[in-house]
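Participant: I am sharing my_file-v9.txt, which consists of compact mmCIF, C-alpha atoms (C1' of nucleotides):
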```txt
# COMPACT_ATOMS: atom_id res chain seq x y z
CA MET A 1 16.77 75.08 59.42
CA THR A 2 15.30 72.46 57.18
CA THR A 3 15.47 68.78 57.83
CA ALA A 4 18.39 66.89 56.40
CA ILE A 5 17.71 63.55 54.80
CA HIS A 6 19.74 60.40 54.64
CA MET A 7 19.28 57.45 52.40
CA THR A 8 20.07 54.11 53.97
CA GLY A 9 20.13 50.55 52.76
CA LYS A 10 22.21 48.53 50.37
CA LEU A 11 23.04 51.33 47.98
CA GLU A 12 26.45 52.36 49.17
CA PRO A 13 28.95 50.81 46.74
CA ARG A 14 27.73 53.28 44.13
CA SER A 15 31.05 53.70 42.35
CA ALA A 16 31.16 50.01 41.53
CA TRP A 17 27.90 50.09 39.59
CA PRO A 18 27.94 49.37 35.90
CA ALA A 19 27.92 52.20 33.34
CA PRO A 20 26.64 55.06 35.50
CA GLY A 21 25.45 57.04 32.51
CA GLU A 22 23.20 55.33 30.08
CA ASN A 23 21.77 52.56 32.19
CA CYS A 24 20.05 54.89 34.58
CA PRO A 25 16.28 54.79 34.06
CA ILE A 26 15.90 58.32 35.42
CA ALA A 27 18.34 59.76 32.90
CA ARG A 28 16.79 57.70 30.11
CA THR A 29 13.30 58.87 31.02
CA PHE A 30 14.60 62.40 30.99
CA GLU A 31 15.94 61.90 27.48
CA THR A 32 12.45 60.90 26.38
CA VAL A 33 10.40 63.65 28.02
CA GLY A 34 13.01 66.05 29.31
CA THR A 35 12.05 69.14 27.38
CA ARG A 36 9.64 71.78 28.51
CA SER A 37 7.64 71.34 25.32
CA ALA A 38 7.24 67.57 25.73
CA LEU A 39 6.09 68.04 29.29
CA VAL A 40 3.47 70.68 28.61
CA ILE A 41 2.19 68.73 25.61
CA LEU A 42 1.77 65.67 27.79
CA ARG A 43 0.11 67.84 30.41
CA GLU A 44 -2.45 69.03 27.87
CA ALA A 45 -2.94 65.51 26.60
CA PHE A 46 -3.89 64.52 30.16
CA TYR A 47 -6.13 67.58 30.28
CA GLY A 48 -7.93 66.27 27.23
CA ALA A 49 -6.35 67.97 24.24
CA THR A 50 -6.19 65.87 21.09
CA ARG A 51 -5.86 68.22 18.10
CA TYR A 52 -2.75 69.97 16.84
CA GLU A 53 -4.39 73.38 17.05
CA GLU A 54 -5.47 72.69 20.63
CA PHE A 55 -1.93 71.85 21.67
CA VAL A 56 -0.60 75.02 20.06
CA GLU A 57 -3.21 77.19 21.71
CA ARG A 58 -3.18 75.66 25.18
CA THR A 59 0.55 75.22 25.59
CA GLY A 60 1.59 78.57 24.15
CA LEU A 61 4.38 76.81 22.27
CA SER A 62 5.26 77.72 18.71
CA GLU A 63 3.85 75.63 15.87
CA PRO A 64 7.20 74.12 14.86
CA ALA A 65 7.88 73.06 18.44
CA VAL A 66 4.46 71.41 18.76
CA ALA A 67 4.77 69.67 15.40
CA THR A 68 8.23 68.32 16.16
CA ARG A 69 7.28 67.14 19.62
CA LEU A 70 4.02 65.50 18.52
CA ARG A 71 5.96 63.57 15.90
CA GLU A 72 8.64 62.49 18.36
CA LEU A 73 6.18 61.52 21.08
CA SER A 74 4.21 59.50 18.51
CA ASP A 75 7.37 57.82 17.23
CA GLU A 76 8.28 56.87 20.77
CA GLY A 77 4.81 55.48 21.40
CA LEU A 78 3.65 57.92 24.07
CA LEU A 79 0.98 59.32 21.78
CA GLU A 80 -0.89 57.62 18.97
CA LYS A 81 -2.48 59.21 15.96
CA VAL A 82 -6.24 58.78 15.82
CA PRO A 83 -8.04 59.91 12.67
CA TYR A 84 -11.14 61.98 13.30
CA ARG A 85 -13.55 63.90 11.11
CA GLU A 86 -15.63 66.91 12.01
CA PRO A 87 -18.82 67.42 10.00
CA GLY A 88 -18.06 69.13 6.71
CA GLN A 89 -14.35 68.72 7.21
CA ARG A 90 -11.85 66.29 5.83
CA VAL A 91 -10.25 63.57 7.90
CA ARG A 92 -7.56 64.86 10.22
CA SER A 93 -5.45 63.17 12.79
CA GLY A 94 -5.67 63.67 16.49
CA TYR A 95 -3.25 62.56 19.18
CA ARG A 96 -4.16 60.42 22.14
CA LEU A 97 -2.14 59.11 25.05
CA THR A 98 -1.14 55.48 24.79
CA GLU A 99 -0.76 53.27 27.85
CA LYS A 100 2.97 54.06 27.79
CA GLY A 101 2.23 57.78 27.76
CA GLY A 102 -0.58 57.52 30.28
CA GLU A 103 1.66 55.86 32.81
CA LEU A 104 3.67 59.05 33.04
CA LEU A 105 0.83 60.54 35.07
CA PRO A 106 2.51 59.92 38.45
CA VAL A 107 5.55 61.86 37.20
CA LEU A 108 3.39 64.82 36.18
CA VAL A 109 1.33 64.73 39.36
CA ALA A 110 4.44 64.52 41.52
CA MET A 111 5.88 67.55 39.74
CA MET A 112 2.60 69.43 40.04
CA ARG A 113 2.29 68.80 43.75
CA TRP A 114 5.91 69.70 44.43
CA GLY A 115 5.59 72.90 42.43
CA ASP A 116 2.39 73.83 44.21
CA ARG A 117 3.96 73.30 47.58
CA TRP A 118 7.37 74.85 47.08
CA LEU A 119 7.11 77.37 44.27
CA PHE A 120 3.75 79.02 44.95
CA PRO A 121 3.84 80.33 48.51
CA ASP A 122 0.38 81.86 48.12
CA GLY A 123 -1.20 78.48 47.67
CA ALA A 124 -1.78 75.89 45.01
CA ARG A 125 -3.00 76.94 41.58
CA VAL A 126 -5.00 73.80 40.96
CA ASP A 127 -6.88 71.24 43.00
CA LEU A 128 -6.52 67.63 42.09
CA THR A 129 -9.13 65.56 43.84
CA HIS A 130 -10.48 62.04 43.96
CA THR A 131 -13.86 61.69 42.25
CA GLY A 132 -14.99 59.23 44.87
CA CYS A 133 -14.34 61.13 48.05
CA GLY A 134 -13.34 64.62 46.95
CA SER A 135 -10.09 64.71 48.91
CA ARG A 136 -6.76 65.84 47.53
CA VAL A 137 -4.65 63.51 45.43
CA ASP A 138 -0.87 63.24 45.63
CA ALA A 139 1.86 60.97 44.29
CA VAL A 140 3.17 58.92 47.19
CA LEU A 141 5.65 56.10 47.58
CA GLN A 142 3.99 52.82 48.29
CA CYS A 143 5.14 49.22 48.30
CA GLU A 144 3.22 46.35 46.80
CA GLU A 145 1.93 45.40 50.22
CA GLY A 146 0.24 48.79 50.39
CA HIS A 147 2.51 50.34 53.02
CA GLU A 148 3.37 53.98 52.62
CA VAL A 149 7.16 54.19 52.41
CA ARG A 150 9.34 56.89 53.95
CA LEU A 151 12.73 57.88 52.62
CA ASP A 152 14.56 56.04 55.36
CA GLU A 153 12.64 52.85 54.66
CA LEU A 154 13.89 52.55 51.08
CA ASP A 155 16.37 49.93 49.97
CA LEU A 156 17.99 50.28 46.61
CA SER A 157 19.94 47.45 45.04
CA GLN A 158 21.00 46.28 41.64
CA ALA A 159 18.52 44.00 39.96
CA PRO A 160 19.76 40.54 38.97
CA ARG A 161 21.00 40.50 35.38
CA ARG A 162 18.52 39.20 32.86
CA ARG A 163 19.02 38.71 29.14
CA MET B 1 -3.34 48.35 20.24
CA THR B 2 -2.66 50.14 23.44
CA THR B 3 -5.31 51.48 25.74
CA ALA B 4 -6.50 54.99 25.19
CA ILE B 5 -7.00 57.20 28.20
CA HIS B 6 -9.50 59.92 28.90
CA MET B 7 -9.43 62.51 31.59
CA THR B 8 -12.80 63.36 33.02
CA GLY B 9 -14.02 65.81 35.56
CA LYS B 10 -14.20 69.56 35.81
CA LEU B 11 -11.16 70.31 33.71
CA GLU B 12 -12.72 71.05 30.36
CA PRO B 13 -12.81 74.84 30.04
CA ARG B 14 -9.07 74.81 29.71
CA SER B 15 -8.79 77.77 27.37
CA ALA B 16 -10.42 80.02 29.94
CA TRP B 17 -7.72 79.41 32.53
CA PRO B 18 -5.51 82.23 33.64
CA ALA B 19 -2.00 82.64 32.18
CA PRO B 20 -1.40 79.16 30.77
CA GLY B 21 2.35 79.61 30.82
CA GLU B 22 3.92 80.72 34.02
CA ASN B 23 1.32 79.72 36.56
CA CYS B 24 1.61 76.02 35.81
CA PRO B 25 3.35 74.21 38.68
CA ILE B 26 4.56 71.48 36.33
CA ALA B 27 6.31 73.95 34.05
CA ARG B 28 7.67 75.85 37.03
CA THR B 29 9.03 72.67 38.58
CA PHE B 30 10.63 71.86 35.27
CA GLU B 31 12.35 75.23 35.26
CA THR B 32 13.87 74.39 38.64
CA VAL B 33 15.09 70.85 38.00
CA GLY B 34 14.58 70.39 34.27
CA THR B 35 18.13 69.77 33.22
CA ARG B 36 19.77 66.41 32.96
CA SER B 37 22.56 67.58 35.25
CA ALA B 38 20.20 68.77 38.00
CA LEU B 39 18.35 65.48 37.89
CA VAL B 40 21.38 63.21 38.11
CA ILE B 41 22.88 65.37 40.84
CA LEU B 42 19.68 65.03 42.86
CA ARG B 43 19.69 61.32 42.13
CA GLU B 44 23.18 61.00 43.60
CA ALA B 45 22.20 63.16 46.55
CA PHE B 46 19.44 60.64 47.28
CA TYR B 47 21.97 57.87 46.81
CA GLY B 48 24.07 59.47 49.53
CA ALA B 49 26.63 61.64 47.75
CA THR B 50 27.60 64.79 49.60
CA ARG B 51 30.99 65.94 48.31
CA TYR B 52 31.75 67.84 45.10
CA GLU B 53 34.22 65.21 43.95
CA GLU B 54 31.64 62.47 44.57
CA PHE B 55 29.08 64.21 42.40
CA VAL B 56 31.60 64.65 39.58
CA GLU B 57 32.66 61.02 39.73
CA ARG B 58 29.26 59.39 40.13
CA THR B 59 27.31 61.49 37.67
CA GLY B 60 29.90 61.56 34.93
CA LEU B 61 29.21 65.26 34.42
CA SER B 62 31.97 67.75 33.81
CA GLU B 63 33.31 69.79 36.70
CA PRO B 64 31.88 73.13 35.52
CA ALA B 65 28.44 71.58 35.10
CA VAL B 66 28.51 70.11 38.60
CA ALA B 67 29.79 73.34 40.14
CA THR B 68 27.15 75.45 38.42
CA ARG B 69 24.34 73.09 39.30
CA LEU B 70 25.39 72.68 42.95
CA ARG B 71 25.42 76.44 43.31
CA GLU B 72 22.00 76.84 41.67
CA LEU B 73 20.42 74.01 43.63
CA SER B 74 21.81 75.50 46.83
CA ASP B 75 20.57 78.97 45.93
CA GLU B 76 17.12 77.56 45.31
CA GLY B 77 17.17 75.72 48.62
CA LEU B 78 17.12 72.14 47.35
CA LEU B 79 20.57 71.47 48.74
CA GLU B 80 22.31 73.04 51.69
CA LYS B 81 26.00 73.43 52.31
CA VAL B 82 27.26 71.52 55.31
CA PRO B 83 30.85 72.06 56.39
CA TYR B 84 32.76 68.89 57.15
CA ARG B 85 36.34 68.04 57.98
CA GLU B 86 38.18 64.84 57.30
CA PRO B 87 41.11 64.02 59.60
CA GLY B 88 44.19 65.90 58.49
CA GLN B 89 42.24 67.96 55.99
CA ARG B 90 40.91 71.45 56.05
CA VAL B 91 37.24 72.28 56.39
CA ARG B 92 35.33 71.72 53.17
CA SER B 93 31.69 72.00 52.33
CA GLY B 94 29.40 69.16 51.47
CA TYR B 95 25.92 69.28 50.03
CA ARG B 96 22.89 67.73 51.62
CA LEU B 97 19.27 67.54 50.56
CA THR B 98 16.96 69.95 52.33
CA GLU B 99 13.34 69.11 53.00
CA LYS B 100 12.44 70.97 49.81
CA GLY B 101 14.92 68.87 47.83
CA GLY B 102 14.01 65.66 49.59
CA GLU B 103 10.38 66.01 48.67
CA LEU B 104 11.32 65.60 45.03
CA LEU B 105 11.80 61.90 45.73
CA PRO B 106 8.39 60.88 44.33
CA VAL B 107 9.27 62.62 41.06
CA LEU B 108 12.55 60.73 40.79
CA VAL B 109 10.99 57.42 41.79
CA ALA B 110 8.15 57.87 39.31
CA MET B 111 10.65 58.55 36.55
CA MET B 112 12.78 55.60 37.60
CA ARG B 113 9.87 53.18 37.60
CA TRP B 114 8.55 54.45 34.26
CA GLY B 115 11.97 54.15 32.68
CA ASP B 116 12.45 50.66 34.06
CA ARG B 117 9.13 49.56 32.70
CA TRP B 118 9.11 51.19 29.29
CA LEU B 119 12.69 51.79 28.26
CA PHE B 120 14.43 48.64 29.46
CA PRO B 121 12.61 45.69 27.91
CA ASP B 122 15.09 43.24 29.42
CA GLY B 123 14.03 44.14 32.92
CA ALA B 124 14.64 46.74 35.55
CA ARG B 125 18.17 47.87 36.31
CA VAL B 126 17.52 48.52 39.96
CA ASP B 127 15.28 47.20 42.68
CA LEU B 128 13.66 49.66 45.02
CA THR B 129 12.17 47.89 47.98
CA HIS B 130 10.54 48.61 51.32
CA THR B 131 12.82 47.94 54.27
CA GLY B 132 9.94 46.63 56.30
CA CYS B 133 8.52 44.00 53.99
CA GLY B 134 10.96 43.76 51.09
CA SER B 135 8.38 44.30 48.37
CA ARG B 136 8.80 46.66 45.45
CA VAL B 137 8.15 50.37 45.86
CA ASP B 138 6.43 52.56 43.29
CA ALA B 139 5.04 56.08 43.08
CA VAL B 140 1.26 55.84 43.03
CA LEU B 141 -1.59 58.30 43.07
CA GLN B 142 -3.39 58.33 46.36
CA CYS B 143 -5.93 60.63 47.96
CA GLU B 144 -5.81 61.82 51.53
CA GLU B 145 -8.35 59.19 52.52
CA GLY B 146 -5.87 56.55 51.40
CA HIS B 147 -7.70 55.40 48.28
CA GLU B 148 -5.60 54.51 45.28
CA VAL B 149 -6.75 56.79 42.43
CA ARG B 150 -7.08 55.80 38.79
CA LEU B 151 -6.83 58.24 35.92
CA ASP B 152 -10.57 58.31 35.36
CA GLU B 153 -11.19 59.11 39.01
CA LEU B 154 -9.27 62.37 38.94
CA ASP B 155 -10.92 65.76 39.10
CA LEU B 156 -8.90 68.82 38.28
CA SER B 157 -10.15 72.29 39.05
CA GLN B 158 -8.79 75.73 39.69
CA ALA B 159 -8.00 76.44 43.27
CA PRO B 160 -9.78 79.38 44.87
CA ARG B 161 -7.72 82.57 44.62
CA ARG B 162 -5.74 83.46 47.70
CA ARG B 163 -3.61 86.51 48.25
C1' DC C 1 -12.64 76.69 -10.32
C1' DA C 2 -10.88 79.99 -6.86
C1' DC C 3 -10.55 80.36 -2.27
C1' DC C 4 -10.16 79.21 2.57
C1' DT C 5 -8.68 76.62 6.57
C1' DG C 6 -6.18 73.31 9.38
C1' DG C 7 -2.06 71.06 9.81
C1' DC C 8 1.91 71.08 9.14
C1' DT C 9 7.30 72.21 6.99
C1' DT C 10 11.44 75.14 5.99
C1' DG C 11 14.76 78.63 7.03
C1' DC C 12 17.01 81.49 10.08
C1' DG C 13 18.41 83.36 14.45
C1' DT C 14 18.98 83.16 19.65
C1' DG C 15 20.10 81.43 24.07
C1' DC C 16 21.52 78.11 27.12
C1' DA C 17 23.28 73.30 28.62
C1' DG C 18 27.20 71.01 28.45
C1' DT C 19 32.15 69.91 27.09
C1' DT C 20 37.40 70.37 27.08
C1' DA C 21 41.37 72.79 28.54
C1' DG C 22 43.44 75.47 31.53
C1' DG C 23 43.84 78.38 35.47
C1' DT C 24 43.25 79.74 40.78
C1' DC C 25 43.31 79.50 45.64
C1' DA C 26 43.26 77.92 50.52
C1' DG C 27 45.30 75.25 53.76
C1' DC C 28 47.54 70.94 55.18
C1' DT C 29 51.92 68.01 55.01
C1' DA C 30 57.03 67.35 54.35
C1' DT D 1 58.59 77.16 52.59
C1' DA D 2 57.49 74.35 48.72
C1' DG D 3 54.39 71.28 47.04
C1' DC D 4 50.06 68.85 46.88
C1' DT D 5 45.08 68.38 46.82
C1' DG D 6 40.24 69.31 46.68
C1' DA D 7 37.08 72.57 45.16
C1' DC D 8 36.19 75.32 42.39
C1' DC D 9 36.24 79.38 38.12
C1' DT D 10 37.13 81.18 33.14
C1' DA D 11 37.26 80.96 28.27
C1' DA D 12 35.96 79.16 23.98
C1' DC D 13 33.26 76.03 21.44
C1' DT D 14 29.33 72.77 20.05
C1' DG D 15 24.68 71.27 19.84
C1' DC D 16 20.03 71.51 20.59
C1' DA D 17 15.51 73.65 22.12
C1' DC D 18 13.14 76.94 21.11
C1' DG D 19 11.01 81.45 18.66
C1' DC D 20 9.45 84.10 14.37
C1' DA D 21 8.21 84.46 9.56
C1' DA D 22 6.90 82.40 5.70
C1' DG D 23 5.45 78.80 2.53
C1' DC D 24 2.98 74.43 1.30
C1' DC D 25 -0.69 71.20 0.55
C1' DA D 26 -5.05 68.54 0.76
C1' DG D 27 -9.64 68.78 0.56
C1' DG D 28 -14.06 70.90 1.32
C1' DT D 29 -17.11 75.19 0.27
C1' DG D 30 -18.82 79.00 -2.71
```
Please, can you express the file's structure as structure tokens?
Facilitator:
Amino acid sequence: MTTAIHMTGKLEPRSAWPAPGENCPIARTFETVGTRSALVILREAFYGATRYEEFVERTGLSEPAVATRLRELSDEGLLEKVPYREPGQRVRSGYRLTEKGGELLPVLVAMMRWGDRWLFPDGARVDLTHTGCGSRVDAVLQCEEGHEVRLDELDLSQAPRRR
Amino acid sequence: MTTAIHMTGKLEPRSAWPAPGENCPIARTFETVGTRSALVILREAFYGATRYEEFVERTGLSEPAVATRLRELSDEGLLEKVPYREPGQRVRSGYRLTEKGGELLPVLVAMMRWGDRWLFPDGARVDLTHTGCGSRVDAVLQCEEGHEVRLDELDLSQAPRRR
DNA sequence: CACCTGGCTTGCGTGCAGTTAGGTCAGCTA
DNA sequence: TAGCTGACCTAACTGCACGCAAGCCAGGTG
């Protein structure tokens, strides 16, 4: 029997929240990167891919899918086009993560670690380690004071309205 | 001009990796929870929803979508059915996060924080704080030694084959 | 100048997520 | 026993994320 989990705190009057649909940052994030193709393209961007042909080859996606997604991710500012030129070739454009795109790394790492733990019973497929000390890296919940935060130590509340 | 990001380390011979498609834990995780409905249902499970009717109401999804997703998430072991009985009612079944489901919290939090930062320029919609000290909680990359890890301090390599 | 090569675009078909509209069914209350 | 209610299921449709096959175009090489 697995452990059951409860969330506590000030988050109970959920029904009274404003516009449950479109104001949710999780759902909005999903609308930006919530396709398999966007995710694997971002993954390869973190792995160092920059050229169209590299993305096609490494992701295994079809060319139209890659082209569409690269355009969308660039339009949304997760990738930026960077012109490059190989010797004896004309100028082409590469794609590089912006700060906005790069900050998705915790999402990708959290998904990677979860998948490794729960979907590959024979053990992780990849090791993600800290250059400094060589030990395994994970995405963990931490507060600004540096405390590691457990599920039952989380308080969720509505932020004060700004405009 | 936004900052460009490079990944360093032992991850370069990417093309030589085995089976780029189905062995990737990120893609596999996406296949498990990569629908908008699965994500918002998990979100409400973290927010404390347990009953079918609650999920329908809070997520804004249609009844068939909720029913299908609750069944799939239960089959995959992210939720478990828990019978409950309200006074004067018959026994019904609720849905509760299992350990496997609960460990998706860093993914959800990372998405929430990214969405708050990059998709809502007027400021975050929600505050997620640590019960102990009241300061804001985020999903951060950390190694087992407790060091916070930056993007350029990450090493990715293939794990040794087990079977 | 003809050709090649990388980086796309267009057209067409498929499958699946999600919706609306309408059952169905068990068991409690009147 | 009839009706209500919560928790679903079924059917039919729409839209979008893909795949495959083919074409296009700029510019550098022979």
Participant: Within 8 Å of chain C, which residues belong to chain B? Use only C-alpha atoms (C1' of nucleotides) and report them as a ChimeraX atom specification.
Facilitator: /B:35,62,65,88-90
Participant: Output, as JSON, the centre and edge lengths in Å (one decimal) of the axis-aligned box that contains all listed atoms of range 105-122 of chain B with 8 Å of margin on each side.
Facilitator:
```
{"center_x": 11.6, "center_y": 52.9, "center_z": 36.8, "size_x": 22.9, "size_y": 35.4, "size_z": 33.8}
```
Participant: Looking at only C-alpha atoms (C1' of nucleotides), which of D:DC16, D:DC8, D:DG30, D:DC24 is the one that sits closest to chain B?
Facilitator: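 Among D:DC16, D:DC8, D:DG30, D:DC24, it is D:DC8 that comes nearest to chain B.
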Participant: Determine the nearest neighbour of chain B from the options A:Leu79, A:Leu42, A:Val66, A:Met112, counting all atoms listed in the file.
Facilitator: A:Met112
Participant: What is the distance between CA of Ala67 in chain A and CA of Val109 in chain A, in Å to one decimal?
Facilitator: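 Going from CA of Ala67 in chain A over to CA of Val109 in chain A covers 24.7 Å.
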Participant: Hey, what's within 6 Å of Thr129 in chain B if we count only C-alpha atoms (C1' of nucleotides) and toss same-chain stuff fewer than 2 positions away? As number ranges by chain, please?
Facilitator: A: 154-155; B: 134-137
Participant: Counting all atoms listed in the file, which of A:Arg69, A:Arg51, A:Lys100, A:Lys81 gets nearest to Trp118 in chain B?
Facilitator: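 Closest residue, counting all atoms listed in the file: A:Lys100.
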Participant: Just to confirm, what's the straight-line distance from CA of Leu97 in chain B to CA of Glu80 in chain B in Å (one decimal)?
Facilitator: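 According to the coordinates, CA of Leu97 in chain B and CA of Glu80 in chain B are separated by 6.4 Å.
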Participant: Would you compute the distance between CA of Gly48 in chain B and CA of Asp127 in chain B? Give it in Å to one decimal.
Facilitator: 16.6 Å
Participant: Taking only C-alpha atoms (C1' of nucleotides) into account, report as a list in words which residues of chain D lie within 7 Å of chain A.
Facilitator: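 The contacting residues on chain D are DG19, DG27 and DG28 of chain D.
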Participant: Using all atoms listed in the file, which protein or nucleic acid residues come within 9 Å of Arg150 in chain B? Drop anything in the same chain fewer than 3 positions from it, and give the result as a list in words.
Facilitator: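 Close residues of Arg150 in chain B: His130 of chain A; Leu141, Gln142, Glu153 and Leu154 of chain B.
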Participant: Please list as a ChimeraX atom specification every residue within 7 Å of Ser93 in chain A, counting all atoms listed in the file and excluding residues in the same chain fewer than 4 positions away.
Facilitator: /A:81-84
Participant: So which one's closest to chain A, B:Pro87, B:Pro106, B:Gly94, B:Gly77? Using only C-alpha atoms, please.
Facilitator: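 Of all the options, B:Pro106 lies closest to chain A.
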